[in-house]
>>> print(open('my_file-v7.pdb').read())   # PDB, C-alpha atoms
ATOM      1  CA  MET G  28       0.000   0.000   0.000
ATOM      2  CA  THR G  29       1.443   3.373  -0.925
ATOM      3  CA  ASN G  30       0.694   6.676   0.680
ATOM      4  CA  ALA G  31       0.614   9.437  -1.918
ATOM      5  CA  GLN G  32       1.383  12.015   0.774
ATOM      6  CA  LEU G  33       4.970  10.904   1.284
ATOM      7  CA  GLU G  34       7.677  11.426  -1.316
ATOM      8  CA  THR G  35      11.313  10.348  -0.914
ATOM      9  CA  LEU G  36      12.989   8.305   1.813
ATOM     10  CA  HIS G  37      16.684   9.267   1.854
ATOM     11  CA  ILE G  38      18.776   6.346   3.132
ATOM     12  CA  ILE G  39      22.299   7.260   4.204
ATOM     13  CA  SER G  40      24.910   4.731   5.296
ATOM     14  CA  LYS G  41      28.214   6.632   5.671
ATOM     15  CA  SER G  42      29.632   8.294   8.790
ATOM     16  CA  PRO G  43      29.256  12.074   9.272
ATOM     17  CA  SER G  44      32.859  12.645   8.138
ATOM     18  CA  HIS G  45      31.480  12.345   4.594
ATOM     19  CA  GLN G  46      30.372  15.960   4.780
ATOM     20  CA  GLN G  47      29.755  16.385   1.063
ATOM     21  CA  LEU G  48      27.471  13.364   1.029
ATOM     22  CA  TYR G  49      25.446  14.812   3.898
ATOM     23  CA  SER G  50      25.204  18.254   2.336
ATOM     24  CA  ASP G  51      24.107  16.729  -0.995
ATOM     25  CA  MET G  52      21.463  14.681   0.737
ATOM     26  CA  LEU G  53      20.202  17.587   2.833
ATOM     27  CA  SER G  54      20.086  19.942  -0.144
ATOM     28  CA  THR G  55      17.842  17.524  -2.045
ATOM     29  CA  THR G  56      15.538  16.916   0.906
ATOM     30  CA  LEU G  57      12.170  18.618   0.658
ATOM     31  CA  ASP G  58       8.903  18.598   2.604
ATOM     32  CA  LYS G  59       7.275  15.140   2.811
ATOM     33  CA  ASP G  60      10.716  13.500   2.643
ATOM     34  CA  ALA G  61      12.423  11.613   5.468
ATOM     35  CA  ILE G  62      15.965  10.563   6.363
ATOM     36  CA  LEU G  63      16.967   7.101   7.553
ATOM     37  CA  LEU G  64      20.363   6.520   9.177
ATOM     38  CA  THR G  65      21.800   3.051   8.562
ATOM     39  CA  GLN G  66      25.199   1.410   9.074
ATOM     40  CA  ASN G  67      27.918   3.988   9.938
ATOM     41  CA  ALA G  68      25.477   6.861   9.446
ATOM     42  CA  VAL G  69      24.162   6.108  12.951
ATOM     43  CA  TYR G  70      27.285   7.962  14.193
ATOM     44  CA  ALA G  71      25.457  11.107  13.075
ATOM     45  CA  LEU G  72      23.431  10.648  16.266
ATOM     46  CA  SER G  73      26.512  11.451  18.315
ATOM     47  CA  SER G  74      27.305  14.576  16.308
ATOM     48  CA  ASN G  75      24.209  16.630  16.846
ATOM     49  CA  GLN G  76      25.038  19.323  14.333
ATOM     50  CA  ILE G  77      24.256  16.909  11.531
ATOM     51  CA  ILE G  78      20.889  15.948  12.889
ATOM     52  CA  ALA G  79      20.244  19.626  13.547
ATOM     53  CA  LEU G  80      20.894  20.361   9.878
ATOM     54  CA  ALA G  81      17.808  18.412   8.915
ATOM     55  CA  LYS G  82      14.843  20.676   8.436
ATOM     56  CA  PRO G  83      12.403  20.694  11.347
ATOM     57  CA  ASN G  84       9.613  19.073   9.315
ATOM     58  CA  ILE G  85      11.805  16.224   8.033
ATOM     59  CA  PRO G  86      11.518  13.090  10.176
ATOM     60  CA  VAL G  87      14.803  11.371  10.985
ATOM     61  CA  TYR G  88      14.844   7.607  11.573
ATOM     62  CA  ALA G  89      17.684   5.327  12.660
ATOM     63  CA  LEU G  90      17.917   1.550  12.526
ATOM     64  CA  THR G  91      17.871   0.271  16.103
ATOM     65  CA  ILE G  92      20.048  -2.711  15.252
ATOM     66  CA  ASP G  93      22.801  -0.477  13.834
ATOM     67  CA  VAL G  94      22.587   1.963  16.757
ATOM     68  CA  GLN G  95      23.011  -0.897  19.235
ATOM     69  CA  ALA G  96      25.694  -2.651  17.184
ATOM     70  CA  HIS G  97      27.762   0.543  17.119
ATOM     71  CA  GLY G  98      27.366   0.928  20.881
ATOM     72  CA  LEU G  99      25.486   4.208  20.706
ATOM     73  CA  SER G 100      22.927   5.520  23.140
ATOM     74  CA  MET G 101      19.281   5.421  22.136
ATOM     75  CA  ALA G 102      18.723   8.427  24.417
ATOM     76  CA  SER G 103      19.736  10.942  21.793
ATOM     77  CA  ALA G 104      18.849  14.584  22.386
ATOM     78  CA  ALA G 105      17.903  14.953  18.746
ATOM     79  CA  PRO G 106      14.373  13.991  17.716
ATOM     80  CA  VAL G 107      15.052  10.613  16.150
ATOM     81  CA  THR G 108      12.718   7.656  15.753
ATOM     82  CA  PHE G 109      14.380   4.284  16.211
ATOM     83  CA  ILE G 110      13.002   1.549  13.990
ATOM     84  CA  SER G 111      13.316  -2.204  13.537
ATOM     85  CA  ASP G 112      14.172  -3.947  10.262
ATOM     86  CA  GLU G 113      10.468  -4.732   9.784
ATOM     87  CA  GLN G 114       9.593  -1.063  10.226
ATOM     88  CA  PHE G 115      12.380  -0.239   7.731
ATOM     89  CA  VAL G 116      10.520  -2.284   5.127
ATOM     90  CA  GLU G 117       7.218  -0.621   6.039
ATOM     91  CA  LEU G 118       8.829   2.796   5.749
ATOM     92  CA  CYS G 119      10.144   1.996   2.248
ATOM     93  CA  CYS G 120       6.603   1.072   1.227
ATOM     94  CA  LEU G 121       5.119   4.255   2.698
ATOM     95  CA  TYR G 122       7.298   6.505   0.547
ATOM     96  CA  LYS G 123       6.985   6.869  -3.238
ATOM     97  CA  LYS G 124      10.666   6.088  -3.665
ATOM     98  CA  THR G 125      13.898   5.619  -1.787
ATOM     99  CA  LEU G 126      17.170   7.365  -2.587
ATOM    100  CA  SER G 127      20.398   5.877  -1.238
ATOM    101  CA  TRP G 128      23.428   7.957  -0.316
ATOM    102  CA  PHE G 129      26.596   5.894   0.127
TER
ATOM    103  CA  MET X   8       2.458   4.017 -14.391
ATOM    104  CA  ASN X   9       5.008   5.495 -16.778
ATOM    105  CA  LYS X  10       8.442   4.642 -15.534
ATOM    106  CA  ASN X  11      11.273   7.142 -15.679
ATOM    107  CA  LEU X  12      14.767   7.080 -14.290
ATOM    108  CA  LEU X  13      17.206   9.649 -12.955
ATOM    109  CA  LEU X  14      20.872   8.635 -12.681
ATOM    110  CA  ILE X  15      23.265  10.593 -10.468
ATOM    111  CA  PHE X  16      27.005  10.693 -11.224
ATOM    112  CA  ARG X  17      29.039  11.749  -8.178
ATOM    113  CA  HIS X  18      32.512  10.358  -8.818
ATOM    114  CA  PRO X  19      35.532  11.737 -10.680
ATOM    115  CA  PRO X  20      37.002   9.821 -13.634
ATOM    116  CA  PHE X  21      39.559   7.047 -12.973
ATOM    117  CA  SER X  22      38.021   6.196  -9.593
ATOM    118  CA  GLY X  23      36.462   2.788  -9.733
ATOM    119  CA  SER X  24      33.599   1.529 -11.812
ATOM    120  CA  ASN X  25      30.676   3.583 -10.422
ATOM    121  CA  ASN X  26      30.422   5.962 -13.377
ATOM    122  CA  ARG X  27      30.782   3.190 -15.947
ATOM    123  CA  ASP X  28      28.175   1.100 -14.126
ATOM    124  CA  THR X  29      25.793   4.050 -14.045
ATOM    125  CA  LEU X  30      26.292   4.538 -17.768
ATOM    126  CA  ASP X  31      25.542   0.839 -18.352
ATOM    127  CA  ILE X  32      22.260   1.269 -16.473
ATOM    128  CA  ALA X  33      21.426   4.237 -18.714
ATOM    129  CA  LEU X  34      21.993   2.219 -21.891
ATOM    130  CA  ALA X  35      20.122  -0.828 -20.588
ATOM    131  CA  CYS X  36      17.092   1.244 -19.594
ATOM    132  CA  SER X  37      17.115   3.089 -22.872
ATOM    133  CA  ALA X  38      16.966  -0.289 -24.657
ATOM    134  CA  PHE X  39      13.693  -0.900 -22.788
ATOM    135  CA  ASP X  40      12.343   2.548 -23.748
ATOM    136  CA  ILE X  41      12.534   3.872 -20.211
ATOM    137  CA  PRO X  42      13.203   7.621 -20.299
ATOM    138  CA  VAL X  43      16.559   8.334 -18.640
ATOM    139  CA  SER X  44      18.032  11.618 -17.423
ATOM    140  CA  LEU X  45      21.523  12.148 -16.040
ATOM    141  CA  VAL X  46      22.696  14.484 -13.275
ATOM    142  CA  PHE X  47      26.348  15.301 -12.688
ATOM    143  CA  LEU X  48      26.976  16.339  -9.112
ATOM    144  CA  ASN X  49      30.199  17.389  -7.319
ATOM    145  CA  ASP X  50      33.157  15.349  -8.581
ATOM    146  CA  GLY X  51      30.819  13.818 -11.150
ATOM    147  CA  ILE X  52      31.187  16.946 -13.316
ATOM    148  CA  LEU X  53      34.891  16.131 -13.712
ATOM    149  CA  GLN X  54      33.876  13.036 -15.656
ATOM    150  CA  LEU X  55      32.655  15.457 -18.363
ATOM    151  CA  HIS X  56      35.807  17.565 -18.486
ATOM    152  CA  LYS X  57      37.106  18.017 -22.011
ATOM    153  CA  ASN X  58      40.666  17.193 -23.050
ATOM    154  CA  GLN X  59      41.042  14.116 -20.852
ATOM    155  CA  GLU X  60      43.801  11.822 -22.074
ATOM    156  CA  SER X  61      42.894   8.599 -20.347
ATOM    157  CA  HIS X  62      45.259   6.564 -22.548
ATOM    158  CA  LEU X  63      48.144   8.060 -20.570
ATOM    159  CA  LEU X  64      46.836   6.029 -17.629
ATOM    160  CA  GLN X  65      46.191   2.992 -19.816
ATOM    161  CA  GLN X  66      42.477   3.419 -19.242
ATOM    162  CA  LYS X  67      39.450   3.787 -21.455
ATOM    163  CA  SER X  68      37.696   7.113 -21.335
ATOM    164  CA  LEU X  69      33.949   7.318 -20.793
ATOM    165  CA  ILE X  70      33.766  10.463 -22.900
ATOM    166  CA  ASN X  71      33.096   8.598 -26.149
ATOM    167  CA  ASN X  72      30.355   6.554 -24.498
ATOM    168  CA  LEU X  73      28.829   9.720 -23.062
ATOM    169  CA  ASN X  74      28.927  11.412 -26.445
ATOM    170  CA  ALA X  75      27.095   8.423 -27.938
ATOM    171  CA  LEU X  76      24.169   8.720 -25.498
ATOM    172  CA  ALA X  77      22.200  10.928 -27.879
ATOM    173  CA  MET X  78      21.993   7.965 -30.280
ATOM    174  CA  TYR X  79      20.173   6.094 -27.494
ATOM    175  CA  ASP X  80      17.710   8.989 -27.091
ATOM    176  CA  ILE X  81      19.325   9.997 -23.822
ATOM    177  CA  GLU X  82      19.563  13.748 -24.164
ATOM    178  CA  ASP X  83      18.658  15.196 -20.766
ATOM    179  CA  TYR X  84      21.820  16.083 -18.901
ATOM    180  CA  TYR X  85      21.969  18.282 -15.835
ATOM    181  CA  VAL X  86      24.930  19.737 -14.007
ATOM    182  CA  LEU X  87      24.878  21.463 -10.649
ATOM    183  CA  GLU X  88      25.736  25.164 -10.632
ATOM    184  CA  ASP X  89      27.583  24.955  -7.292
ATOM    185  CA  SER X  90      29.723  22.049  -8.508
ATOM    186  CA  LEU X  91      30.838  24.061 -11.555
ATOM    187  CA  ALA X  92      31.689  26.997  -9.289
ATOM    188  CA  ASP X  93      33.642  24.772  -6.864
ATOM    189  CA  TYR X  94      35.966  23.674  -9.663
ATOM    190  CA  GLN X  95      35.855  26.982 -11.590
ATOM    191  CA  ILE X  96      34.543  25.110 -14.624
ATOM    192  CA  THR X  97      32.061  26.451 -17.151
ATOM    193  CA  THR X  98      29.721  24.481 -19.391
ATOM    194  CA  GLN X  99      32.164  25.317 -22.220
ATOM    195  CA  ASP X 100      34.638  22.970 -20.539
ATOM    196  CA  LEU X 101      32.210  20.039 -20.576
ATOM    197  CA  SER X 102      31.922  17.469 -23.321
ATOM    198  CA  LEU X 103      28.121  17.213 -23.028
ATOM    199  CA  ASN X 104      25.623  19.991 -23.521
ATOM    200  CA  CYS X 105      24.241  20.157 -19.976
ATOM    201  CA  LYS X 106      21.482  22.225 -18.436
ATOM    202  CA  VAL X 107      22.770  24.096 -15.390
ATOM    203  CA  ILE X 108      20.559  23.782 -12.319
ATOM    204  CA  ASN X 109      20.843  24.885  -8.694
ATOM    205  CA  GLY X 110      20.374  22.755  -5.581
ATOM    206  CA  GLU X 111      16.712  23.630  -5.204
ATOM    207  CA  GLN X 112      16.008  22.729  -8.835
ATOM    208  CA  LEU X 113      17.789  19.410  -8.310
ATOM    209  CA  ALA X 114      15.554  18.636  -5.334
ATOM    210  CA  LEU X 115      12.477  19.390  -7.468
ATOM    211  CA  LEU X 116      13.899  17.383 -10.378
ATOM    212  CA  ILE X 117      14.284  14.315  -8.141
ATOM    213  CA  ARG X 118      10.570  14.630  -7.290
ATOM    214  CA  THR X 119       9.601  14.234 -10.947
ATOM    215  CA  PHE X 120      11.222  10.792 -11.307
ATOM    216  CA  ASN X 121       9.824   7.562  -9.935
ATOM    217  CA  THR X 122      13.254   5.917  -9.708
ATOM    218  CA  VAL X 123      16.568   7.542  -8.770
ATOM    219  CA  ILE X 124      19.853   5.637  -8.789
ATOM    220  CA  ASN X 125      22.746   7.227  -6.958
ATOM    221  CA  LEU X 126      25.841   5.038  -7.356
TER
END
>>> encode(input="my_file-v7.pdb", output="structure tokens")
Amino acid sequence: MTNAQLETLHIISKSPSHQQLYSDMLSTTLDKDAILLTQNAVYALSSNQIIALAKPNIPVYALTIDVQAHGLSMASAAPVTFISDEQFVELCCLYKKTLSWF
Amino acid sequence: MNKNLLLIFRHPPFSGSNNRDTLDIALACSAFDIPVSLVFLNDGILQLHKNQESHLLQQKSLINNLNALAMYDIEDYYVLEDSLADYQITTQDLSLNCKVINGEQLALLIRTFNTVINL
């Protein structure tokens, strides 16, 4: 089932030291988009400036399994929603398309 | 649903197979009559730089393949204004006739495609 309201799910998998990748992703992120942190991108949770760069109306998700595997705290100050692999699949279905940044 | 495809080039020449792979996707999709557009972003614009002499590195250039895209009805090429400015390159220096767009236009362009591949 697709929800016509939601547009692009941006999936990023590199650590925040890939600044160009993050700025490219953020510059192509519009209303009704969302960002999902996977793999080493979960380190963005521990560098709040990157999360803060996301526009206020853009939801940011992170894969719980990656956050835990990398030993990071789930009690992030930034407004992040932690999701399971099953919810990852659901999220992909909710958005018109996904766009991977790696 | 009419399918269309946007391909993003982000890598400089001589740096792995990403750009060549992306080009292969373009040709394959064109063979199936799927409309394809190309965007050159950041280091990706360097792939289009004229006067490359790849034979000096014993490598094949992608320039000839890129110039042949028009024969496959792939004629929509976009290049990011900021990327040109970063490298002090003008469209005159590029081997394809690209439309120059800004970041906001790129974001809107992505919206108009139902598939985007970003290798």
>>> resolve_selection(input="my_file-v7.pdb", expression="the PyMOL selection byres ((chain G and resi 120) around 12)", output="list in words")
Met28, Thr29, Asn30, Ala31, Leu33, Glu34, Thr35, Leu36, Glu113, Gln114, Phe115, Val116, Glu117, Leu118, Cys119, Leu121, Tyr122, Lys123, Lys124 and Thr125 of chain G
>>> resolve_selection(input="my_file-v7.pdb", expression="the ChimeraX specification (/G :<7) & /X", output="list in words")
Gly110, Glu111, Leu113, Ala114, Asn121, Thr122, Val123, Ile124 and Asn125 of chain X
>>> atom_distance(input="my_file-v7.pdb", atom1="CA of Phe16 in chain X", atom2="CA of Leu48 in chain X")
6.0 Å
>>> atom_distance(input="my_file-v7.pdb", atom1="CA of Ile41 in chain X", atom2="CA of Leu73 in chain X")
17.5 Å
>>> resolve_selection(input="my_file-v7.pdb", expression="the PyMOL selection byres ((chain G and resi 61) around 7)", output="list in words")
Thr35, Leu36, His37, Lys59, Asp60, Ile62, Leu63, Ile85, Pro86 and Val87 of chain G
>>> residues_around(input="my_file-v7.pdb", residues="range 76-81 of chain X", least_positions_apart="6", cutoff="12 Å", atoms="all atoms listed in the file", output="PDB file with C-alpha atoms, in the coordinates of the input")
ATOM      1  CA  ASN X  11      11.273   7.142 -15.679  1.00  0.00           C
ATOM      2  CA  LEU X  12      14.767   7.080 -14.290  1.00  0.00           C
ATOM      3  CA  LEU X  13      17.206   9.649 -12.955  1.00  0.00           C
ATOM      4  CA  LEU X  14      20.872   8.635 -12.681  1.00  0.00           C
ATOM      5  CA  LEU X  30      26.292   4.538 -17.768  1.00  0.00           C
ATOM      6  CA  ASP X  31      25.542   0.839 -18.352  1.00  0.00           C
ATOM      7  CA  ILE X  32      22.260   1.269 -16.473  1.00  0.00           C
ATOM      8  CA  ALA X  33      21.426   4.237 -18.714  1.00  0.00           C
ATOM      9  CA  LEU X  34      21.993   2.219 -21.891  1.00  0.00           C
ATOM     10  CA  ALA X  35      20.122  -0.828 -20.588  1.00  0.00           C
ATOM     11  CA  CYS X  36      17.092   1.244 -19.594  1.00  0.00           C
ATOM     12  CA  SER X  37      17.115   3.089 -22.872  1.00  0.00           C
ATOM     13  CA  ALA X  38      16.966  -0.289 -24.657  1.00  0.00           C
ATOM     14  CA  PHE X  39      13.693  -0.900 -22.788  1.00  0.00           C
ATOM     15  CA  ASP X  40      12.343   2.548 -23.748  1.00  0.00           C
ATOM     16  CA  ILE X  41      12.534   3.872 -20.211  1.00  0.00           C
ATOM     17  CA  PRO X  42      13.203   7.621 -20.299  1.00  0.00           C
ATOM     18  CA  VAL X  43      16.559   8.334 -18.640  1.00  0.00           C
ATOM     19  CA  SER X  44      18.032  11.618 -17.423  1.00  0.00           C
ATOM     20  CA  LEU X  45      21.523  12.148 -16.040  1.00  0.00           C
ATOM     21  CA  VAL X  46      22.696  14.484 -13.275  1.00  0.00           C
ATOM     22  CA  LEU X  69      33.949   7.318 -20.793  1.00  0.00           C
ATOM     23  CA  ILE X  70      33.766  10.463 -22.900  1.00  0.00           C
ATOM     24  CA  SER X 102      31.922  17.469 -23.321  1.00  0.00           C
ATOM     25  CA  LEU X 103      28.121  17.213 -23.028  1.00  0.00           C
ATOM     26  CA  ASN X 104      25.623  19.991 -23.521  1.00  0.00           C
ATOM     27  CA  CYS X 105      24.241  20.157 -19.976  1.00  0.00           C
TER      28      CYS X 105
END
>>> atom_distance(input="my_file-v7.pdb", atom1="CA of Gln66 in chain X", atom2="CA of Arg27 in chain X")
12.2 Å
>>> closest_residue(input="my_file-v7.pdb", among="X:Gln112, X:Gln65, X:Asn58, X:Asn9", to="Tyr85 in chain X", atoms="only C-alpha atoms")
X:Gln112
>>> closest_residue(input="my_file-v7.pdb", among="G:Thr65, G:Gln32, G:Ile38, G:Ala71", to="Ser100 in chain G", atoms="all atoms listed in the file")
G:Ala71
>>> closest_residue(input="my_file-v7.pdb", among="G:Lys41, G:Val107, G:Ala81, G:Asn67", to="Asp93 in chain G", atoms="only C-alpha atoms")
G:Asn67
>>> residues_around(input="my_file-v7.pdb", residues="Thr108 in chain G", least_positions_apart="2", cutoff="7 Å", atoms="only C-alpha atoms", output="VMD selection string")
chain G and resid 87 to 89 106 110
>>> closest_residue(input="my_file-v7.pdb", among="X:Asn109, X:Gln99, X:Ser22, X:Thr119", to="Leu64 in chain X", atoms="only C-alpha atoms")
X:Ser22
>>> closest_residue(input="my_file-v7.pdb", among="G:Asp112, G:Gln46, G:Tyr70, G:Ser40", to="Val94 in chain G", atoms="only C-alpha atoms")
G:Tyr70
>>> residues_near_point(input="my_file-v7.pdb", point="(23.6, 26.0, -14.8)", cutoff="9 Å", atoms="all atoms listed in the file", output="ChimeraX atom specification")
/X:85-89,91,97-98,105-109
>>> write_last_selection(input="my_file-v7.pdb", atoms="C-alpha atoms", output="CSV table (one decimal), in the frame of the given file")
chain,number,residue,atom,x,y,z
X,85,TYR,CA,22.0,18.3,-15.8
X,86,VAL,CA,24.9,19.7,-14.0
X,87,LEU,CA,24.9,21.5,-10.6
X,88,GLU,CA,25.7,25.2,-10.6
X,89,ASP,CA,27.6,25.0,-7.3
X,91,LEU,CA,30.8,24.1,-11.6
X,97,THR,CA,32.1,26.5,-17.2
X,98,THR,CA,29.7,24.5,-19.4
X,105,CYS,CA,24.2,20.2,-20.0
X,106,LYS,CA,21.5,22.2,-18.4
X,107,VAL,CA,22.8,24.1,-15.4
X,108,ILE,CA,20.6,23.8,-12.3
X,109,ASN,CA,20.8,24.9,-8.7
>>> build_atoms(input="my_file-v7.pdb", residues="range 62-86 of chain X", atoms="N, CA and C atoms", output="compact mmCIF listing (two decimals), in the frame of the given file")
# COMPACT_ATOMS: atom_id res chain seq x y z
N HIS X 62 44.30 7.57 -22.07
CA HIS X 62 45.26 6.56 -22.55
C HIS X 62 46.60 6.69 -21.82
N LEU X 63 46.90 7.87 -21.31
CA LEU X 63 48.14 8.06 -20.57
C LEU X 63 48.16 7.22 -19.30
N LEU X 64 46.96 6.88 -18.82
CA LEU X 64 46.84 6.03 -17.63
C LEU X 64 46.45 4.61 -18.01
N GLN X 65 46.58 4.31 -19.29
CA GLN X 65 46.19 2.99 -19.82
C GLN X 65 44.74 2.66 -19.46
N GLN X 66 43.89 3.67 -19.53
CA GLN X 66 42.48 3.42 -19.24
C GLN X 66 41.61 3.91 -20.39
N LYS X 67 40.41 3.33 -20.46
CA LYS X 67 39.45 3.79 -21.46
C LYS X 67 38.69 4.98 -20.90
N SER X 68 38.47 5.96 -21.76
CA SER X 68 37.70 7.11 -21.34
C SER X 68 36.21 6.83 -21.51
N LEU X 69 35.41 7.44 -20.65
CA LEU X 69 33.95 7.32 -20.79
C LEU X 69 33.39 8.38 -21.73
N ILE X 70 34.24 9.32 -22.13
CA ILE X 70 33.77 10.46 -22.90
C ILE X 70 33.07 10.01 -24.19
N ASN X 71 33.71 9.05 -24.89
CA ASN X 71 33.10 8.60 -26.15
C ASN X 71 31.74 7.96 -25.91
N ASN X 72 31.64 7.17 -24.84
CA ASN X 72 30.36 6.55 -24.50
C ASN X 72 29.32 7.63 -24.17
N LEU X 73 29.75 8.64 -23.43
CA LEU X 73 28.83 9.72 -23.06
C LEU X 73 28.36 10.47 -24.30
N ASN X 74 29.30 10.69 -25.23
CA ASN X 74 28.93 11.41 -26.44
C ASN X 74 27.98 10.60 -27.32
N ALA X 75 27.97 9.28 -27.13
CA ALA X 75 27.10 8.42 -27.94
C ALA X 75 25.69 8.31 -27.35
N LEU X 76 25.47 8.88 -26.16
CA LEU X 76 24.17 8.72 -25.50
C LEU X 76 23.01 9.26 -26.33
N ALA X 77 23.27 10.33 -27.07
CA ALA X 77 22.20 10.93 -27.88
C ALA X 77 21.62 9.91 -28.86
N MET X 78 22.47 9.00 -29.34
CA MET X 78 21.99 7.96 -30.28
C MET X 78 21.02 7.01 -29.60
N TYR X 79 21.09 6.95 -28.26
CA TYR X 79 20.17 6.09 -27.49
C TYR X 79 19.00 6.92 -26.95
N ASP X 80 18.78 8.09 -27.53
CA ASP X 80 17.71 8.99 -27.09
C ASP X 80 17.85 9.42 -25.63
N ILE X 81 19.09 9.45 -25.16
CA ILE X 81 19.32 10.00 -23.82
C ILE X 81 19.94 11.38 -24.03
N GLU X 82 19.11 12.39 -23.81
CA GLU X 82 19.56 13.75 -24.16
C GLU X 82 19.33 14.77 -23.06
N ASP X 83 18.88 14.29 -21.89
CA ASP X 83 18.66 15.20 -20.77
C ASP X 83 19.82 15.08 -19.79
N TYR X 84 20.66 16.08 -19.80
CA TYR X 84 21.82 16.08 -18.90
C TYR X 84 21.75 17.33 -18.03
N TYR X 85 21.99 17.15 -16.75
CA TYR X 85 21.97 18.28 -15.84
C TYR X 85 23.28 18.34 -15.07
N VAL X 86 23.71 19.56 -14.79
CA VAL X 86 24.93 19.74 -14.01
C VAL X 86 24.62 20.78 -12.94
